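Structure file upload38.csv (CSV, C-alpha atoms) is printed below.
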```
chain,number,residue,atom,x,y,z
A,33,MET,CA,9.5,113.4,2.1
A,34,GLU,CA,12.1,114.3,-0.6
A,35,GLU,CA,13.0,117.9,-0.9
A,36,ASP,CA,12.1,119.7,-4.2
A,37,PHE,CA,15.3,120.9,-5.8
A,38,ARG,CA,15.7,123.3,-8.8
A,39,ILE,CA,18.2,121.9,-11.3
A,40,GLU,CA,20.6,124.2,-13.0
A,41,MET,CA,23.3,123.6,-15.6
A,42,VAL,CA,26.3,125.9,-16.0
A,43,GLN,CA,28.9,125.9,-18.8
A,44,GLY,CA,32.0,125.5,-16.7
A,45,ILE,CA,33.3,126.0,-13.2
A,46,ALA,CA,34.6,129.5,-14.0
A,47,LYS,CA,31.0,130.7,-14.0
A,48,VAL,CA,30.3,129.3,-10.5
A,49,VAL,CA,30.9,131.5,-7.5
A,50,GLY,CA,34.1,130.1,-5.8
A,51,ALA,CA,33.1,130.7,-2.2
A,52,GLU,CA,29.7,129.0,-2.7
A,53,TRP,CA,31.4,126.0,-4.4
A,54,ASP,CA,34.1,125.6,-1.8
A,55,ALA,CA,31.6,125.8,1.0
A,56,LEU,CA,29.9,122.8,-0.5
A,57,VAL,CA,33.3,121.0,-0.9
A,58,ALA,CA,34.0,121.7,2.8
A,59,ALA,CA,30.5,120.2,3.7
A,60,THR,CA,31.1,117.0,1.8
A,61,PRO,CA,32.9,114.1,3.5
A,62,ASP,CA,36.1,112.9,1.8
A,63,SER,CA,36.5,115.8,-0.5
A,64,THR,CA,40.1,116.7,-1.6
A,65,VAL,CA,42.0,119.7,-2.9
A,66,PHE,CA,41.2,118.4,-6.4
A,67,GLN,CA,37.6,119.4,-5.9
A,68,ARG,CA,38.5,122.9,-4.9
A,69,HIS,CA,37.2,125.7,-7.2
A,70,ALA,CA,40.7,127.0,-7.8
A,71,TRP,CA,42.0,123.7,-9.1
A,72,LEU,CA,39.1,123.0,-11.4
A,73,ALA,CA,39.0,126.6,-12.7
A,74,ALA,CA,42.7,126.6,-13.5
A,75,LEU,CA,42.2,123.5,-15.7
A,76,GLU,CA,39.6,125.5,-17.7
A,77,THR,CA,41.2,128.9,-17.7
A,78,HIS,CA,44.6,127.7,-18.8
A,79,GLY,CA,43.2,125.5,-21.6
A,80,CYS,CA,43.8,122.0,-20.1
A,81,ALA,CA,40.2,120.7,-19.7
A,82,THR,CA,38.1,122.5,-22.4
A,83,ALA,CA,35.9,121.6,-25.3
A,84,GLN,CA,38.9,122.0,-27.5
A,85,THR,CA,40.8,119.3,-25.7
A,86,GLY,CA,37.9,116.9,-25.6
A,87,TRP,CA,36.7,117.9,-22.0
A,88,GLN,CA,33.6,120.0,-22.3
A,89,PRO,CA,33.1,121.3,-18.7
A,90,LEU,CA,29.6,121.3,-17.3
A,91,VAL,CA,28.4,122.0,-13.7
A,92,LEU,CA,25.2,120.5,-12.5
A,93,GLN,CA,23.7,122.3,-9.5
A,94,LEU,CA,20.8,121.6,-7.2
A,95,ARG,CA,19.2,124.5,-5.3
A,96,ASP,CA,16.7,124.3,-2.6
A,97,PRO,CA,13.4,126.4,-2.6
A,98,GLN,CA,15.3,129.2,-0.8
A,99,GLY,CA,17.8,129.4,-3.7
A,100,ARG,CA,20.7,127.9,-1.6
A,101,LEU,CA,23.2,125.6,-3.3
A,102,ALA,CA,22.4,122.1,-1.9
A,103,ALA,CA,24.4,119.9,-4.2
A,104,ALA,CA,26.7,120.2,-7.3
A,105,CYS,CA,29.1,118.2,-9.4
A,106,MET,CA,31.7,118.7,-12.0
A,107,LEU,CA,30.9,117.0,-15.3
A,108,TYR,CA,32.6,116.6,-18.6
A,109,ALA,CA,31.2,115.7,-22.0
A,110,LYS,CA,34.1,113.6,-23.3
A,111,SER,CA,34.9,113.0,-27.0
A,112,HIS,CA,37.7,110.5,-26.0
A,113,SER,CA,38.9,108.5,-23.0
A,114,MET,CA,42.3,110.0,-22.5
A,115,GLY,CA,43.4,111.3,-19.1
A,116,GLU,CA,41.0,109.3,-17.0
A,117,TYR,CA,43.0,106.3,-15.7
A,118,VAL,CA,40.0,104.0,-15.8
A,119,PHE,CA,40.2,102.4,-19.2
A,120,ASP,CA,37.1,101.9,-21.4
A,121,TRP,CA,38.8,101.8,-24.8
A,122,ALA,CA,37.5,98.3,-25.4
A,123,TRP,CA,34.0,99.4,-24.7
A,124,ALA,CA,34.2,102.3,-27.2
A,125,ASP,CA,35.7,99.8,-29.7
A,126,ALA,CA,32.8,97.4,-29.2
A,127,TYR,CA,30.3,100.3,-29.8
A,128,ALA,CA,32.0,101.2,-33.0
A,129,ARG,CA,32.0,97.6,-34.3
A,130,HIS,CA,28.3,97.5,-33.8
A,131,GLY,CA,27.8,100.8,-35.6
A,132,LEU,CA,27.0,102.8,-32.5
A,133,HIS,CA,28.6,106.0,-31.1
A,134,TYR,CA,30.3,105.8,-27.7
A,135,TYR,CA,31.3,109.4,-27.7
A,136,PRO,CA,30.2,111.8,-26.4
A,137,LYS,CA,30.0,110.3,-23.0
A,138,LEU,CA,29.3,112.0,-19.7
A,139,LEU,CA,32.1,111.8,-17.1
A,140,SER,CA,32.3,112.8,-13.4
A,141,ALA,CA,36.0,112.9,-12.5
A,142,THR,CA,38.9,115.3,-11.9
A,143,PRO,CA,40.8,115.5,-15.2
A,144,PHE,CA,44.2,113.8,-15.3
A,145,THR,CA,43.9,113.0,-11.6
A,146,PRO,CA,43.4,109.3,-10.4
A,147,VAL,CA,42.7,110.3,-6.8
A,148,THR,CA,39.7,109.0,-4.8
A,149,GLY,CA,37.6,111.9,-3.6
A,150,ALA,CA,34.0,113.2,-3.5
A,151,ARG,CA,32.3,113.6,-6.9
A,152,LEU,CA,28.8,114.3,-5.5
A,153,LEU,CA,29.2,117.4,-3.5
A,154,GLY,CA,26.2,118.0,-1.2
A,155,ARG,CA,25.2,119.3,2.1
A,156,ASP,CA,23.7,115.9,3.1
A,157,THR,CA,23.0,112.4,1.8
A,158,PRO,CA,19.5,113.1,0.4
A,159,ALA,CA,20.9,116.1,-1.6
A,160,ARG,CA,23.7,113.9,-3.0
A,161,ARG,CA,21.3,111.1,-3.9
A,162,ALA,CA,19.1,113.7,-5.8
A,163,LEU,CA,22.2,114.9,-7.6
A,164,LEU,CA,23.1,111.5,-8.8
A,165,GLN,CA,19.6,111.0,-10.1
A,166,ALA,CA,19.8,114.4,-11.9
A,167,MET,CA,23.1,113.2,-13.5
A,168,LEU,CA,21.4,110.0,-14.7
A,169,ASP,CA,18.4,112.0,-16.1
A,170,LEU,CA,20.8,114.3,-17.9
A,171,ALA,CA,22.6,111.3,-19.5
A,172,ARG,CA,19.3,109.6,-20.5
A,173,HIS,CA,17.6,112.7,-22.0
A,174,GLY,CA,20.8,114.1,-23.5
A,175,GLY,CA,21.2,111.1,-25.8
A,176,LEU,CA,24.6,110.2,-24.3
A,177,SER,CA,25.9,106.7,-24.5
A,178,SER,CA,26.9,106.5,-20.9
A,179,LEU,CA,27.7,108.0,-17.5
A,180,HIS,CA,30.9,107.3,-15.6
A,181,LEU,CA,31.9,108.4,-12.1
A,182,LEU,CA,35.5,107.7,-11.3
A,183,PHE,CA,37.5,107.2,-8.1
A,184,LEU,CA,34.5,107.3,-5.8
A,185,THR,CA,34.3,107.5,-2.0
A,186,ASP,CA,32.8,104.6,-0.1
A,187,ALA,CA,29.5,106.5,0.5
A,188,GLU,CA,29.3,107.4,-3.2
A,189,ARG,CA,29.9,103.8,-4.2
A,190,GLU,CA,26.9,102.8,-2.1
A,191,LEU,CA,24.7,105.5,-3.7
A,192,CYS,CA,25.7,104.4,-7.1
A,193,ALA,CA,25.0,100.7,-6.4
A,194,GLU,CA,21.6,101.7,-5.0
A,195,ALA,CA,20.9,103.6,-8.2
A,196,GLY,CA,21.8,100.5,-10.4
A,197,LEU,CA,25.1,101.6,-11.7
A,198,LEU,CA,27.8,99.0,-12.4
A,199,LEU,CA,30.8,99.1,-10.1
A,200,ARG,CA,34.3,98.5,-11.3
A,201,HIS,CA,37.4,98.0,-9.1
A,202,ALA,CA,41.0,98.8,-9.7
A,203,VAL,CA,44.2,98.7,-7.7
A,204,GLN,CA,46.4,101.6,-6.5
A,205,PHE,CA,49.4,101.7,-4.2
A,206,HIS,CA,49.4,104.0,-1.1
A,207,TRP,CA,51.8,104.6,1.8
A,208,HIS,CA,50.2,104.6,5.2
A,209,GLU,CA,51.7,105.8,8.5
A,210,ALA,CA,52.2,103.1,11.1
A,211,ALA,CA,50.6,103.0,14.5
A,212,PRO,CA,52.4,104.2,16.5
A,213,PRO,CA,54.0,106.5,13.9
A,214,TRP,CA,57.5,106.0,12.6
A,215,PRO,CA,59.7,108.7,14.1
A,216,ASP,CA,61.8,109.0,11.0
A,217,PHE,CA,62.6,107.5,7.6
A,218,GLY,CA,65.1,105.2,9.2
A,219,ALA,CA,62.5,103.7,11.4
A,220,PHE,CA,60.2,103.2,8.4
A,221,LEU,CA,63.0,101.3,6.6
A,222,GLY,CA,63.7,99.3,9.8
A,223,SER,CA,60.1,97.9,9.6
A,224,MET,CA,60.7,96.5,6.2
A,225,SER,CA,62.0,93.0,5.4
A,226,HIS,CA,65.8,92.7,5.0
A,227,ASP,CA,65.9,92.5,1.2
A,228,LYS,CA,63.5,95.4,0.6
A,229,ARG,CA,65.3,97.6,3.2
A,230,LYS,CA,68.6,96.8,1.5
A,231,LYS,CA,67.2,97.7,-2.0
A,232,VAL,CA,65.8,101.1,-0.8
A,233,ARG,CA,69.1,102.0,0.8
A,234,GLN,CA,71.0,101.1,-2.3
A,235,GLU,CA,68.7,103.2,-4.5
A,236,ARG,CA,69.0,106.2,-2.2
A,237,ARG,CA,72.7,105.9,-1.9
A,238,LYS,CA,73.2,105.9,-5.7
A,239,VAL,CA,71.3,109.1,-6.0
A,240,VAL,CA,73.4,110.8,-3.3
A,241,GLU,CA,76.6,109.4,-4.8
A,242,ALA,CA,75.6,111.0,-8.1
A,243,GLY,CA,75.7,114.4,-6.3
A,244,VAL,CA,72.0,115.0,-6.4
A,245,ARG,CA,70.4,117.1,-3.7
A,246,PHE,CA,66.8,118.2,-3.3
A,247,ARG,CA,65.1,121.3,-2.1
A,248,ARG,CA,61.5,121.6,-1.0
A,249,LEU,CA,59.3,124.5,-2.0
A,250,THR,CA,55.8,125.4,-1.1
A,251,GLY,CA,53.6,127.5,-3.3
A,252,TYR,CA,54.8,130.5,-1.3
A,253,ASP,CA,58.4,129.7,-2.0
A,254,ALA,CA,58.4,128.7,-5.7
A,255,THR,CA,59.5,131.3,-8.1
A,256,PRO,CA,58.4,131.7,-11.7
A,257,GLU,CA,61.8,130.2,-12.7
A,258,ASP,CA,61.1,127.2,-10.4
A,259,TRP,CA,57.7,126.6,-12.1
A,260,ALA,CA,59.3,127.0,-15.6
A,261,HIS,CA,61.9,124.4,-14.7
A,262,PHE,CA,59.2,122.0,-13.4
A,263,ALA,CA,57.1,122.5,-16.6
A,264,ARG,CA,60.2,121.7,-18.8
A,265,CYS,CA,60.7,118.5,-16.8
A,266,TYR,CA,57.0,117.6,-17.0
A,267,ASP,CA,57.0,118.2,-20.8
A,268,ALA,CA,60.2,116.1,-21.3
A,269,THR,CA,58.5,113.1,-19.6
A,270,TYR,CA,55.6,113.3,-22.0
A,271,ALA,CA,57.9,113.8,-25.0
A,272,ALA,CA,59.8,110.7,-24.0
A,273,HIS,CA,56.6,108.7,-24.2
A,274,GLY,CA,55.6,110.3,-27.5
A,275,SER,CA,52.5,112.1,-26.3
A,276,PRO,CA,51.6,115.7,-25.8
A,277,PRO,CA,51.3,116.9,-22.1
A,278,TYR,CA,47.9,117.4,-20.5
A,279,LEU,CA,49.0,120.4,-18.4
A,280,ASN,CA,51.0,123.6,-19.0
A,281,LEU,CA,53.2,126.2,-17.3
A,282,SER,CA,50.4,128.7,-16.8
A,283,PHE,CA,48.3,126.0,-15.0
A,284,PHE,CA,51.2,125.1,-12.7
A,285,ARG,CA,51.9,128.7,-11.9
A,286,ALA,CA,48.2,129.3,-11.1
A,287,ILE,CA,47.9,126.5,-8.6
A,288,GLY,CA,51.1,127.6,-7.0
A,289,GLU,CA,49.6,131.1,-6.5
A,290,GLN,CA,46.1,130.1,-5.6
A,291,LEU,CA,46.7,127.0,-3.6
A,292,PRO,CA,50.1,127.6,-2.0
A,293,ASP,CA,49.3,125.6,1.2
A,294,HIS,CA,48.6,122.6,-0.9
A,295,VAL,CA,51.7,122.6,-3.1
A,296,LEU,CA,55.0,120.8,-2.4
A,297,LEU,CA,57.5,121.2,-5.3
A,298,LEU,CA,60.6,119.0,-5.0
A,299,ILE,CA,63.5,120.1,-7.2
A,300,ALA,CA,66.6,118.0,-7.8
A,301,GLU,CA,69.9,119.7,-8.5
A,302,GLN,CA,73.2,118.2,-9.6
A,303,ALA,CA,76.5,120.2,-9.9
A,304,GLY,CA,74.7,123.5,-9.4
A,305,GLN,CA,72.0,122.8,-12.1
A,306,ASP,CA,68.3,121.9,-11.6
A,307,ILE,CA,67.8,118.5,-13.4
A,308,ALA,CA,64.5,117.1,-12.2
A,309,ALA,CA,61.4,117.9,-10.2
A,310,SER,CA,58.2,116.3,-8.8
A,311,LEU,CA,55.0,118.0,-7.7
A,312,ILE,CA,53.1,116.7,-4.6
A,313,LEU,CA,49.7,118.0,-3.7
A,314,LEU,CA,48.9,118.3,0.0
A,315,ASP,CA,45.7,118.2,2.1
A,316,PRO,CA,47.0,119.5,5.4
A,317,GLU,CA,43.7,119.1,7.2
A,318,GLN,CA,43.3,115.5,6.2
A,319,ARG,CA,47.0,114.8,6.5
A,320,ARG,CA,47.2,113.3,3.0
A,321,ALA,CA,49.7,113.8,0.2
A,322,TYR,CA,49.3,113.0,-3.4
A,323,GLY,CA,52.1,112.3,-5.8
A,324,ARG,CA,51.0,113.8,-9.1
A,325,TYR,CA,53.6,114.8,-11.7
A,326,TRP,CA,57.4,114.5,-12.3
A,327,GLY,CA,60.0,114.8,-14.9
A,328,ALA,CA,63.8,114.9,-15.5
A,329,LEU,CA,66.1,116.7,-18.0
A,330,ARG,CA,68.9,114.1,-17.6
A,331,HIS,CA,69.0,110.5,-16.5
A,332,VAL,CA,70.3,109.6,-13.1
A,333,PRO,CA,69.7,106.0,-11.9
A,334,ASN,CA,67.0,105.7,-9.3
A,335,LEU,CA,66.2,109.4,-9.4
A,336,HIS,CA,62.5,108.7,-10.2
A,337,PHE,CA,62.2,106.6,-7.1
A,338,GLU,CA,63.8,109.3,-4.9
A,339,ALA,CA,61.8,112.1,-6.3
A,340,CYS,CA,58.4,110.3,-6.5
A,341,TYR,CA,58.5,108.0,-3.5
A,342,TYR,CA,61.3,108.4,-1.0
A,343,GLN,CA,61.4,112.2,-0.7
A,344,PRO,CA,57.5,112.5,-0.4
A,345,ILE,CA,57.4,109.6,2.2
A,346,GLU,CA,60.2,111.3,4.2
A,347,PHE,CA,58.2,114.6,4.1
A,348,CYS,CA,55.1,112.8,5.3
A,349,ILE,CA,56.8,111.2,8.2
A,350,GLU,CA,58.4,114.5,9.3
A,351,ARG,CA,55.2,116.4,9.0
A,352,GLY,CA,52.8,113.8,10.5
A,353,TYR,CA,50.9,113.0,7.3
A,354,THR,CA,49.2,109.7,7.4
A,355,VAL,CA,48.7,108.8,3.8
A,356,PHE,CA,50.7,109.3,0.6
A,357,GLU,CA,49.1,108.3,-2.7
A,358,GLY,CA,51.6,107.3,-5.3
A,359,GLY,CA,49.4,107.7,-8.4
A,360,ALA,CA,47.9,105.2,-10.8
A,361,GLN,CA,49.0,101.5,-11.0
A,362,GLY,CA,52.5,100.3,-10.5
A,363,ALA,CA,53.1,97.1,-8.5
A,364,HIS,CA,56.8,98.1,-8.3
A,365,LYS,CA,55.7,100.6,-5.7
A,366,MET,CA,55.3,97.8,-3.2
A,367,ALA,CA,59.0,97.4,-2.9
A,368,ARG,CA,59.2,101.1,-1.9
A,369,GLY,CA,56.7,100.7,1.0
A,370,LEU,CA,53.4,101.5,-0.8
A,371,LEU,CA,50.7,99.0,-0.4
A,372,PRO,CA,47.7,97.9,-2.5
A,373,VAL,CA,44.3,99.5,-2.0
A,374,THR,CA,41.1,99.2,-4.0
A,375,CYS,CA,39.5,102.2,-5.9
A,376,THR,CA,36.1,102.1,-7.4
A,377,SER,CA,34.3,103.6,-10.4
A,378,ALA,CA,30.6,103.5,-11.4
A,379,HIS,CA,29.1,103.2,-14.9
A,380,TRP,CA,25.7,103.4,-16.6
A,381,LEU,CA,25.2,102.4,-20.2
A,382,ALA,CA,22.2,103.6,-22.1
A,383,ASP,CA,22.1,100.6,-24.4
A,384,ALA,CA,20.6,97.7,-22.4
A,385,ARG,CA,22.5,95.1,-24.4
A,386,PHE,CA,25.8,96.7,-23.6
A,387,HIS,CA,24.8,97.4,-20.0
A,388,THR,CA,24.3,93.6,-19.6
A,389,ALA,CA,27.4,92.6,-21.5
A,390,ILE,CA,29.6,95.0,-19.5
A,391,ASP,CA,28.0,93.9,-16.2
A,392,GLU,CA,29.0,90.3,-16.9
A,393,TYR,CA,32.5,91.4,-17.9
A,394,LEU,CA,32.9,93.5,-14.7
A,395,GLN,CA,31.8,90.7,-12.5
A,396,ARG,CA,34.7,88.6,-13.9
A,397,GLU,CA,37.1,91.5,-13.8
A,398,ASN,CA,36.3,92.4,-10.2
A,399,LEU,CA,36.8,88.8,-9.1
A,400,ALA,CA,40.2,88.9,-10.8
A,401,ILE,CA,41.0,92.2,-9.0
A,402,ASP,CA,40.1,90.6,-5.6
A,403,SER,CA,42.4,87.7,-6.3
A,404,GLN,CA,45.2,90.1,-7.4
A,405,LEU,CA,44.8,92.0,-4.1
A,406,ASP,CA,45.1,88.9,-2.1
A,407,GLU,CA,48.2,87.9,-3.9
A,408,LEU,CA,49.8,91.3,-3.6
A,409,ARG,CA,49.1,91.5,0.1
A,410,GLU,CA,50.9,88.2,0.6
A,411,HIS,CA,54.1,90.0,-0.6
A,412,ALA,CA,53.9,93.1,1.6
A,413,PRO,CA,57.4,94.5,2.2
A,414,PHE,CA,57.0,94.9,5.9
A,415,ARG,CA,57.8,92.5,8.7
A,416,GLY,CA,55.5,91.0,11.3
A,417,GLN,CA,52.7,93.1,12.8
A,418,THR,CA,53.6,96.1,10.7
A,419,ALA,CA,52.7,94.1,7.6
A,420,LEU,CA,49.4,93.0,9.2
A,421,LYS,CA,48.4,96.5,10.2
A,422,ALA,CA,49.4,98.0,6.9
A,423,THR,CA,47.7,95.6,4.6
A,424,ALA,CA,44.5,95.8,6.7
A,425,THR,CA,44.2,99.5,6.1
```
Just give me the structure as structure tokens.
Amino acid sequence: MEEDFRIEMVQGIAKVVGAEWDALVAATPDSTVFQRHAWLAALETHGCATAQTGWQPLVLQLRDPQGRLAAACMLYAKSHSMGEYVFDWAWADAYARHGLHYYPKLLSATPFTPVTGARLLGRDTPARRALLQAMLDLARHGGLSSLHLLFLTDAERELCAEAGLLLRHAVQFHWHEAAPPWPDFGAFLGSMSHDKRKKVRQERRKVVEAGVRFRRLTGYDATPEDWAHFARCYDATYAAHGSPPYLNLSFFRAIGEQLPDHVLLLIAEQAGQDIAASLILLDPEQRRAYGRYWGALRHVPNLHFEACYYQPIEFCIERGYTVFEGGAQGAHKMARGLLPVTCTSAHWLADARFHTAIDEYLQRENLAIDSQLDELREHAPFRGQTALKATAT
């Protein structure tokens, strides 16, 4: 017998009690730091994910007859598709060419964060299943074109397939600890093929020869000046690509203060000046690290690889972390020891014709992704059994 839940809608995570939300996060398998109340609230409070930026924040909650929070999810009514890392621009264009409105659409994802993690927060599977149904009902009755859930866990993928949503696959590149663990970065390099090992050593040596040194800072250690430097580097990277940054200094300072155990700030200095920085988010309990943002104020060959891959991997090996996620896309990451994995999103389209057409498209695309994975795994950078264990992960 299904439990009778009371459905509530709240305009933004800032209006949700943090302790109640985080208790639900803790009860949900495969949740991450990016589902924490402090992270989501900082995005709203500091103007990053708001109605003004095209991310209207909504919180869907299910309460049991006793008034206890049984399930909840973060939703966004989107007026564009930027900052999602699962690309549906062609779908929006097809809608427009047929005189239909694709936006607003309903999205369940962490803004600007292509990390797999629980979207359907709930105390058990029946509550999460009921939450997904409530999301679908909201999309249907709200006159929205579509519902999208991005970077799903395996359990959520099964619930979405059961509910008739379309599944879409993509490829990311993650570093995984070996079994038994590598004792140090040198051992990690030693497990790679000769040409890949030589390439990494050359890249690291050039950074050292340029006089660059790194310092590691937790949220407890980082000063306001450190965060200001990081924000300048972050802004410079976006400016170099001709686009405005998604995040801002006040957001970065907030997560440093509110999630200090989850922050690793790597600052590169040269000749006594800070010249670059990268921000890594940590899940100490799950022993996972997430490469998120980086930037540089001057060009140093191979500095990007050092700041975004080698320094974080070295940290992970030293601290016993088992996974480092290197962010979205990038087959070049394989040469640095990150291996291909599949990530999944789920999609529901209100218009039956587009639902069918996109279903057919995704079947072809998913087959192509599977073929791409097979080909990538044939070119794993590791030797012998290490390669077999790593690519099977």
| task | Would you please work out which residue, of A:Arg160, A:Arg385, A:His336, A:His206, is nearest to Phe356 (chain A) when using only C-alpha atoms? | result | A:His206
| request: Considering all atoms listed in the file, state which residue in the set A:Leu298, A:Ala159, A:Leu176, A:Ala104 is at the smallest distance from His133 (chain A). | output: A:Leu176
| said: From the options A:Leu335, A:Ala272, A:Leu199, A:Ala126, which residue's atoms come nearest to Val240 (chain A), counting all atoms listed in the file? | reply: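 Using all atoms listed in the file, Val240 (chain A) sits closest to A:Leu335.
Pairwise distance (CA of His411 (chain A), CA of Phe205 (chain A)) equals 13.1 Å.
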| query | In Å to one decimal, how far is CA of His201 (chain A) from CA of Leu394 (chain A)? | reply |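 Straight-line distance from CA of Leu394 (chain A) to CA of His201 (chain A) works out to 8.5 Å.
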| Which value, in Å to one decimal, gives the distance between CA of Gly359 (chain A) and CA of Thr145 (chain A)? |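 One can read the CA of Gly359 (chain A) to CA of Thr145 (chain A) distance as 8.3 Å.
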| query | What lies within 10 Å of Asp54 (chain A) using only C-alpha atoms, ignoring chain neighbours under 2 positions off, as a VMD selection string? | reply | chain A and resid 49 to 52 56 to 60 65 67 to 70 153
| message | So that I can see what lies close to region 323-328 of chain A, please list as number ranges by chain the residues with an atom at most 6 Å from it, counting only C-alpha atoms and leaving out residues fewer than 2 positions away in the same chain. | response | A: 265-266, 269, 307-312, 330, 357-359
So that I have them on file, write out the residues from the current selection with C-alpha atoms, as a PDB file, keeping the file's coordinate frame.
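The resulting result_29.pdb:
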```pdb
ATOM      1  CA  CYS A 265      60.700 118.500 -16.800  1.00  0.00           C
ATOM      2  CA  TYR A 266      57.000 117.600 -17.000  1.00  0.00           C
ATOM      3  CA  THR A 269      58.500 113.100 -19.600  1.00  0.00           C
ATOM      4  CA  ILE A 307      67.800 118.500 -13.400  1.00  0.00           C
ATOM      5  CA  ALA A 308      64.500 117.100 -12.200  1.00  0.00           C
ATOM      6  CA  ALA A 309      61.400 117.900 -10.200  1.00  0.00           C
ATOM      7  CA  SER A 310      58.200 116.300  -8.800  1.00  0.00           C
ATOM      8  CA  LEU A 311      55.000 118.000  -7.700  1.00  0.00           C
ATOM      9  CA  ILE A 312      53.100 116.700  -4.600  1.00  0.00           C
ATOM     10  CA  ARG A 330      68.900 114.100 -17.600  1.00  0.00           C
ATOM     11  CA  GLU A 357      49.100 108.300  -2.700  1.00  0.00           C
ATOM     12  CA  GLY A 358      51.600 107.300  -5.300  1.00  0.00           C
ATOM     13  CA  GLY A 359      49.400 107.700  -8.400  1.00  0.00           C
TER      14      GLY A 359
END
```
| said: Show me, as a PyMOL selection string, the residues that have an atom within 8 Å of Phe183 (chain A) when counting only C-alpha atoms, minus same-chain residues fewer than 2 positions from it. | reply: chain A and resi 141+146-149+181+185+375-377
| Which residue, A:Asp267, A:Asp156, A:Asp186, A:Glu116, has the smallest gap to Leu139 (chain A) when you use only C-alpha atoms? | A:Glu116
| said: Can you pull out the residues contacting Pro97 (chain A)? Cut-off 9 Å, using only C-alpha atoms, and skip same-chain residues under 2 positions away; I want them as a count of residues only. | reply: 7
| said: Taking all atoms listed in the file into account, name the residue in A:Leu329, A:Leu92, A:Leu179, A:Leu370 that is nearest to Ala268 (chain A). | reply: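 Under the stated criterion, the closest residue is A:Leu329.
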| field | Nearby residues (all atoms listed in the file) at most 8 Å from Arg368 (chain A), same-chain spacing under 3 positions excluded, as a list in words | value |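 With the cut-off at 8 Å, the set is Lys228, Val232, Tyr341, Tyr342, His364, Lys365 and Pro413 of chain A.
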Taking C-alpha atoms for each residue, export the selection above as an mmCIF file, in the frame of the given file.
```cif
data_model
loop_
_atom_site.group_PDB
_atom_site.id
_atom_site.type_symbol
_atom_site.label_atom_id
_atom_site.label_comp_id
_atom_site.auth_asym_id
_atom_site.auth_seq_id
_atom_site.Cartn_x
_atom_site.Cartn_y
_atom_site.Cartn_z
ATOM 1 C CA LYS A 228 63.500 95.400 0.600
ATOM 2 C CA VAL A 232 65.800 101.100 -0.800
ATOM 3 C CA TYR A 341 58.500 108.000 -3.500
ATOM 4 C CA TYR A 342 61.300 108.400 -1.000
ATOM 5 C CA HIS A 364 56.800 98.100 -8.300
ATOM 6 C CA LYS A 365 55.700 100.600 -5.700
ATOM 7 C CA PRO A 413 57.400 94.500 2.200
#
```
| task | Check the smallest atom-to-atom distance from each of A:Arg319, A:Gly131, A:Pro61, A:Gln302 to Ala242 (chain A) using only C-alpha atoms, then report the winner. | result |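 The closest residue to Ala242 (chain A) is A:Gln302.
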